[in-house]
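Chemist: There's a structure below that I have some questions on.
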Amino acid sequence: MSAATVPELPVPRKPVNRAACNFLRWAGAFVCVFAALYAFGMWLKASTEAESFSHNPTVSAIAYTDPVKSAITQKVDGAKSVLQASFLVFAVLWGVILAKKGEGKLLLGDWPELAMFFAANFCFLISWTYYLNYADSMAAIQSQADTSLNPDDPKEQVIPDYRTDIIGVLPDRQYTIFVLALAATGVTLLSAHLLKESPTWPAPTQSPSPG
Amino acid sequence: MARPNSVTLAWLILLAFVASADAQDSPKHAEKTIEAKATIAWDPAALTVAVGDVIEWKLGAGIHGVRITNWAAVKDNVEVVNVAGQQPFNAATGKNDDSTDTAGKVLLRLKIKAVPAAPAEITYNCIVHGADMKGKVTIGRKSDLIEMELLRVADGFLKDKLASAEQVTADTAAIAKILDTPEFRAFIETHRASTEIATDNDLGKAVAHAWERIRRLKKQKFENPVTFADVSDEIKKLVRVRFESVPPQAEIFIDKKSRGKTPLILFLASDGIYQIEAKAEGYMDHSDSKYTPPLKGELKKIKLEKKQ
């Protein structure tokens, strides 16, 4: 006597709470746009700081010793690692669009997704700008290595202090903006995924109407 | 709501971001022409340019050639740009070996690579007419040039507005009030095209100072703003100056800001004009209001006099 096997019935998908999802997607878009605006604000602030720096710059000198050299290498390597990580995440973002069938259409076919996507790209660009400026400035600083004109130690070398505000702040900002870009990328991909997984999702989204 | 959907659109907007970032950082460089006239004069005889600008000397009329009279002092800061069909220029001696009478012929093209040591000028004359036909090109940093241009324009504007020059220097708040008006803004806009710049004008300096402060406060930007990309260029211009004093431990102020006590090493811009002060207890203050460090840096020794 064999037990009759009862085929398992498919579990019905939970109905999508469209209103909640819609709200979340728009909220995500606003957060991403805010992140992009924040990054842009930082970038503009850097220009103002640069203008003020260029008016008779005065930078303290520090001895160009071996520990300082390795500290500089470490700082630049750290910034480079953040840059490489940002390339990776950027590649994932674009890879998903280009490689996954239908994902690009979904991602670029809706305003919230489009806003998130461009906010993420914009944050990446600003983050790269910071890296380039940092690398360029550090190279300029090290090229200044020269003797300190110290009569007691004529061979002692000094460089402009690389921790000076206008330079020292660059890798921190690069990292902050990278984190914003990472968050924007995560939100974008998640939102696009939700959109794709919702078979009953209506074709173009309406913006949340006030009433 | 319209449905934007294409990867092309994505790329276009991305490219627009890149382009706008690039436009923000690209310095604007000008080309300026100095023409040799039949009246044995250069037009203009005085010119102010910034680093990156290109200056072209060319023949308008007459028989002329150009000779840079301080070539040894400026040759490392400029690049001779050769143009097809130009009058040959001898880069060793800094002059055209022969004169020409071909109207419109280029005598010399120079690109400014860096600001030469003070007084930061290229002086020149005609190889035929010598000192009777001379001219001068002043080289400055972009930010200085903007300030000087504002200075000149503001100076002209204020002549009609203020009772005397003394009033200007005494009351910067009053000037600020006058300059912070739509009328002055309109005046600036109409005069911005002019390139002639007044120099060494105390009245104008006071005006420019006031205007600069307003400008910074309001974060207004005029042409050629300094951008972040310029910072590394500024760093390249830094030279080290070691301050030592008798007595030691004198406090050094650069542009009114304390920077430490001697012996002290600082990096300062080789094209900057700094106000340096040294102070020590029981000694008279030492002050140098127009200090520009030499290109190779220096060991600057300051001797303070004891108070009576």
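Ligands are numbered from 1 in the order shown, chains are lettered A, B, ... in the order of the structure tokens, and residues start at 1 in each chain.
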Skip B:Gly85 itself and residues of its chain fewer than 6 positions away, then list as a ChimeraX atom specification all residues within 10 Å of it, counting only C-alpha atoms.

Modeler: /B:105-107

Chemist: Could those residues be written to a file, using C-alpha atoms, as a PDB file, in the first residue's frame?

Modeler:
```pdb
ATOM      1  CA  LYS B 105      53.786  89.771 -40.102  1.00  0.00           C
ATOM      2  CA  VAL B 106      54.156  88.117 -36.712  1.00  0.00           C
ATOM      3  CA  LEU B 107      57.336  89.227 -34.932  1.00  0.00           C
TER       4      LEU B 107
END
```

Chemist: From stretch 148-197 of chain A, collect each residue whose DSSP state is alpha helix (DSSP H) and return the set as a PyMOL selection string.

Modeler: chain A and resi 165-197

Chemist: Please save C-alpha atoms of the selected residues as a compact mmCIF listing (two decimals), in the first residue's frame.

Modeler:
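And here is the file that came out, again24.txt:
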```
# COMPACT_ATOMS: atom_id res chain seq x y z
CA ASP A 165 43.39 71.70 5.72
CA ILE A 166 42.89 72.16 2.01
CA ILE A 167 44.77 68.94 1.16
CA GLY A 168 44.18 66.83 4.26
CA VAL A 169 40.43 67.03 3.91
CA LEU A 170 40.40 65.57 0.38
CA PRO A 171 40.64 61.83 1.12
CA ASP A 172 38.03 62.16 3.88
CA ARG A 173 35.63 63.80 1.46
CA GLN A 174 36.45 61.26 -1.23
CA TYR A 175 35.54 58.50 1.23
CA THR A 176 32.35 60.23 2.43
CA ILE A 177 31.14 60.77 -1.11
CA PHE A 178 32.04 57.20 -2.05
CA VAL A 179 29.86 55.97 0.83
CA LEU A 180 27.03 58.16 -0.49
CA ALA A 181 27.55 56.71 -3.97
CA LEU A 182 27.56 53.21 -2.54
CA ALA A 183 24.30 53.86 -0.70
CA ALA A 184 22.71 55.39 -3.80
CA THR A 185 23.82 52.39 -5.85
CA GLY A 186 22.37 49.97 -3.32
CA VAL A 187 19.04 51.79 -3.22
CA THR A 188 18.94 51.99 -7.02
CA LEU A 189 19.59 48.30 -7.56
CA LEU A 190 17.19 47.27 -4.81
CA SER A 191 14.47 49.46 -6.22
CA ALA A 192 15.00 48.16 -9.74
CA HIS A 193 14.94 44.62 -8.42
CA LEU A 194 11.66 45.18 -6.57
CA LEU A 195 10.23 46.70 -9.70
CA LYS A 196 11.24 43.70 -11.75
CA GLU A 197 9.93 41.20 -9.22
```

Chemist: Can you work out which one of A:Val96, A:Ala50, A:Val33, A:Ala27 has the shortest atom-to-atom distance to chain B, counting only C-alpha atoms?

Modeler: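 Of A:Val96, A:Ala50, A:Val33, A:Ala27, the one nearest chain B, counting only C-alpha atoms, is A:Ala50.
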
Chemist: Determine which residues of chain A sit within 6 Å of chain B, taking into account only C-alpha atoms, and present them as JSON, numbers by chain.

Modeler: {"A": [47, 50, 51, 56, 58, 59, 60, 61, 108, 109, 137, 140]}

Chemist: Those residues you just picked out, can you put them in a file as a PDB file, in the first residue's frame with C-alpha atoms?

Modeler:
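The resulting file, part_26.pdb, is reproduced below:
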```
ATOM      1  CA  SER A  47      36.340  75.728  -4.981  1.00  0.00           C
ATOM      2  CA  ALA A  50      40.786  76.904  -3.152  1.00  0.00           C
ATOM      3  CA  GLU A  51      40.186  80.524  -4.052  1.00  0.00           C
ATOM      4  CA  ASN A  56      49.045  84.342  -0.632  1.00  0.00           C
ATOM      5  CA  THR A  58      51.147  80.001   3.643  1.00  0.00           C
ATOM      6  CA  VAL A  59      51.892  76.382   4.480  1.00  0.00           C
ATOM      7  CA  SER A  60      53.967  75.112   7.395  1.00  0.00           C
ATOM      8  CA  ALA A  61      56.956  72.923   6.633  1.00  0.00           C
ATOM      9  CA  LEU A 108      15.640  54.038 -16.890  1.00  0.00           C
ATOM     10  CA  GLY A 109      11.941  53.850 -17.521  1.00  0.00           C
ATOM     11  CA  SER A 137      48.317  67.809  -4.810  1.00  0.00           C
ATOM     12  CA  ALA A 140      53.042  68.612  -6.093  1.00  0.00           C
TER      13      ALA A 140
END
```

Chemist: Please give the complete set of residues from chain A that DSSP, run on the backbone, assigns to strand (DSSP E), formatted as a PyMOL selection string.

Modeler: chain A and resi 58-63+146-147+157-160

Chemist: For C-alpha atoms, I'd like the residues from the last selection saved as a compact mmCIF listing (two decimals), in the first residue's frame.

Modeler:
```
# COMPACT_ATOMS: atom_id res chain seq x y z
CA THR A 58 51.15 80.00 3.64
CA VAL A 59 51.89 76.38 4.48
CA SER A 60 53.97 75.11 7.40
CA ALA A 61 56.96 72.92 6.63
CA ILE A 62 57.50 69.41 7.94
CA ALA A 63 60.68 67.34 7.78
CA ASP A 146 64.07 70.62 -0.66
CA THR A 147 66.64 71.44 1.96
CA GLN A 157 64.78 68.12 3.69
CA VAL A 158 61.36 69.68 4.20
CA ILE A 159 58.05 69.61 2.33
CA PRO A 160 54.86 71.64 2.68
```

Chemist: Could you check how far atom CA of B:Lys303 sits from atom CA of B:Ser245, in Å to one decimal?

Modeler: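 Pair atom CA of B:Lys303 / atom CA of B:Ser245 returns 5.6 Å.
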
Chemist: Quick one: everything within 12 Å of B:Gln86, counting only C-alpha atoms, minus sequence neighbours fewer than 6 positions away in the same chain. Send it as a list in words.

Modeler: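 My list of contacting residues is Glu56, Trp57, Lys58, Leu59, Gly65, Val80, Asn96, Asp98, Ser99, Thr100, Thr102, Ala103, Gly104, Lys105, Val106, Leu107, Leu108 and Arg109 of chain B.
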
Chemist: Print the selection's residues with C-alpha atoms to a file, as a CSV table (one decimal), in the first residue's frame.

Modeler:
```
chain,number,residue,atom,x,y,z
B,56,GLU,CA,51.7,88.1,-30.0
B,57,TRP,CA,53.8,91.0,-31.3
B,58,LYS,CA,53.1,91.8,-34.9
B,59,LEU,CA,53.8,94.5,-37.4
B,65,GLY,CA,61.4,94.2,-34.9
B,80,VAL,CA,58.5,80.9,-27.7
B,96,ASN,CA,64.4,89.4,-34.0
B,98,ASP,CA,66.3,91.5,-38.6
B,99,SER,CA,63.5,94.0,-38.9
B,100,THR,CA,60.6,93.7,-41.3
B,102,THR,CA,55.7,93.4,-44.1
B,103,ALA,CA,52.4,94.6,-42.6
B,104,GLY,CA,50.6,91.9,-40.5
B,105,LYS,CA,53.8,89.8,-40.1
B,106,VAL,CA,54.2,88.1,-36.7
B,107,LEU,CA,57.3,89.2,-34.9
B,108,LEU,CA,57.0,87.0,-31.9
B,109,ARG,CA,54.6,84.8,-30.0
```

Chemist: For B:Ala117, find every residue with an atom within 10 Å (counting only C-alpha atoms), except residues of its own chain fewer than 2 positions away, and show them as a list in words.

Modeler: Ala73, Val74, Asn77, Ala114, Val115, Pro119, Ala120, Glu121, Ile139, Ser270, Asp271, Thr292, Pro293, Pro294 and Leu295 of chain B

Chemist: Between atom CA of A:Thr129 and atom CA of A:Ala99, what distance in Å does the model show, to one decimal?

Modeler: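 These atoms are spaced 27.3 Å apart.
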
Chemist: Separation of atom CA of B:Gly52 and atom CA of B:Lys32, in Å?

Modeler: 11.3 Å

Chemist: Find the spatial neighbours of B:Lys279, counting only C-alpha atoms, within a cut-off of 12 Å - ignore same-chain residues fewer than 2 positions away - and output them as a count of residues only.

Modeler: 31

Chemist: Check the smallest atom-to-atom distance from each of A:Ala29, A:Ala36, A:Val76, A:Met42 to A:Asp136 using only C-alpha atoms, then report the winner.

Modeler: A:Val76

Chemist: Using only C-alpha atoms, pick whichever of B:Val78, B:Thr69, B:Ala46, B:Leu110 has the shortest atom-to-atom distance to B:Ile127.

Modeler: B:Thr69

Chemist: Taking 3 positions as the minimum chain separation for residues in the same chain, which residues sit within 6 Å of stretch 110-118 of chain A when counting only C-alpha atoms? Answer as a CSV table (one decimal) with N, CA and C atoms, in the first residue's frame.

Modeler:
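Dumped to selection-v8.csv:
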```csv
chain,number,residue,atom,x,y,z
A,26,TRP,N,10.0,56.4,-4.0
A,26,TRP,CA,10.2,57.9,-4.1
A,26,TRP,C,11.1,58.4,-3.0
A,29,ALA,N,14.5,57.8,-3.9
A,29,ALA,CA,15.0,58.8,-4.9
A,29,ALA,C,15.3,60.1,-4.3
A,32,CYS,N,18.6,59.8,-2.5
A,32,CYS,CA,19.8,59.8,-3.4
A,32,CYS,C,20.0,61.2,-4.0
A,107,LEU,N,15.1,50.3,-15.1
A,107,LEU,CA,15.8,51.3,-14.4
A,107,LEU,C,15.6,52.7,-14.9
A,121,ASN,N,25.6,57.9,-10.0
A,121,ASN,CA,26.7,58.2,-11.0
A,121,ASN,C,27.4,59.5,-10.6
A,122,PHE,N,26.6,60.5,-10.3
A,122,PHE,CA,27.1,61.8,-10.0
A,122,PHE,C,28.1,61.8,-8.8
A,188,THR,N,19.3,52.1,-5.6
A,188,THR,CA,18.9,52.0,-7.0
A,188,THR,C,18.7,50.5,-7.4
```
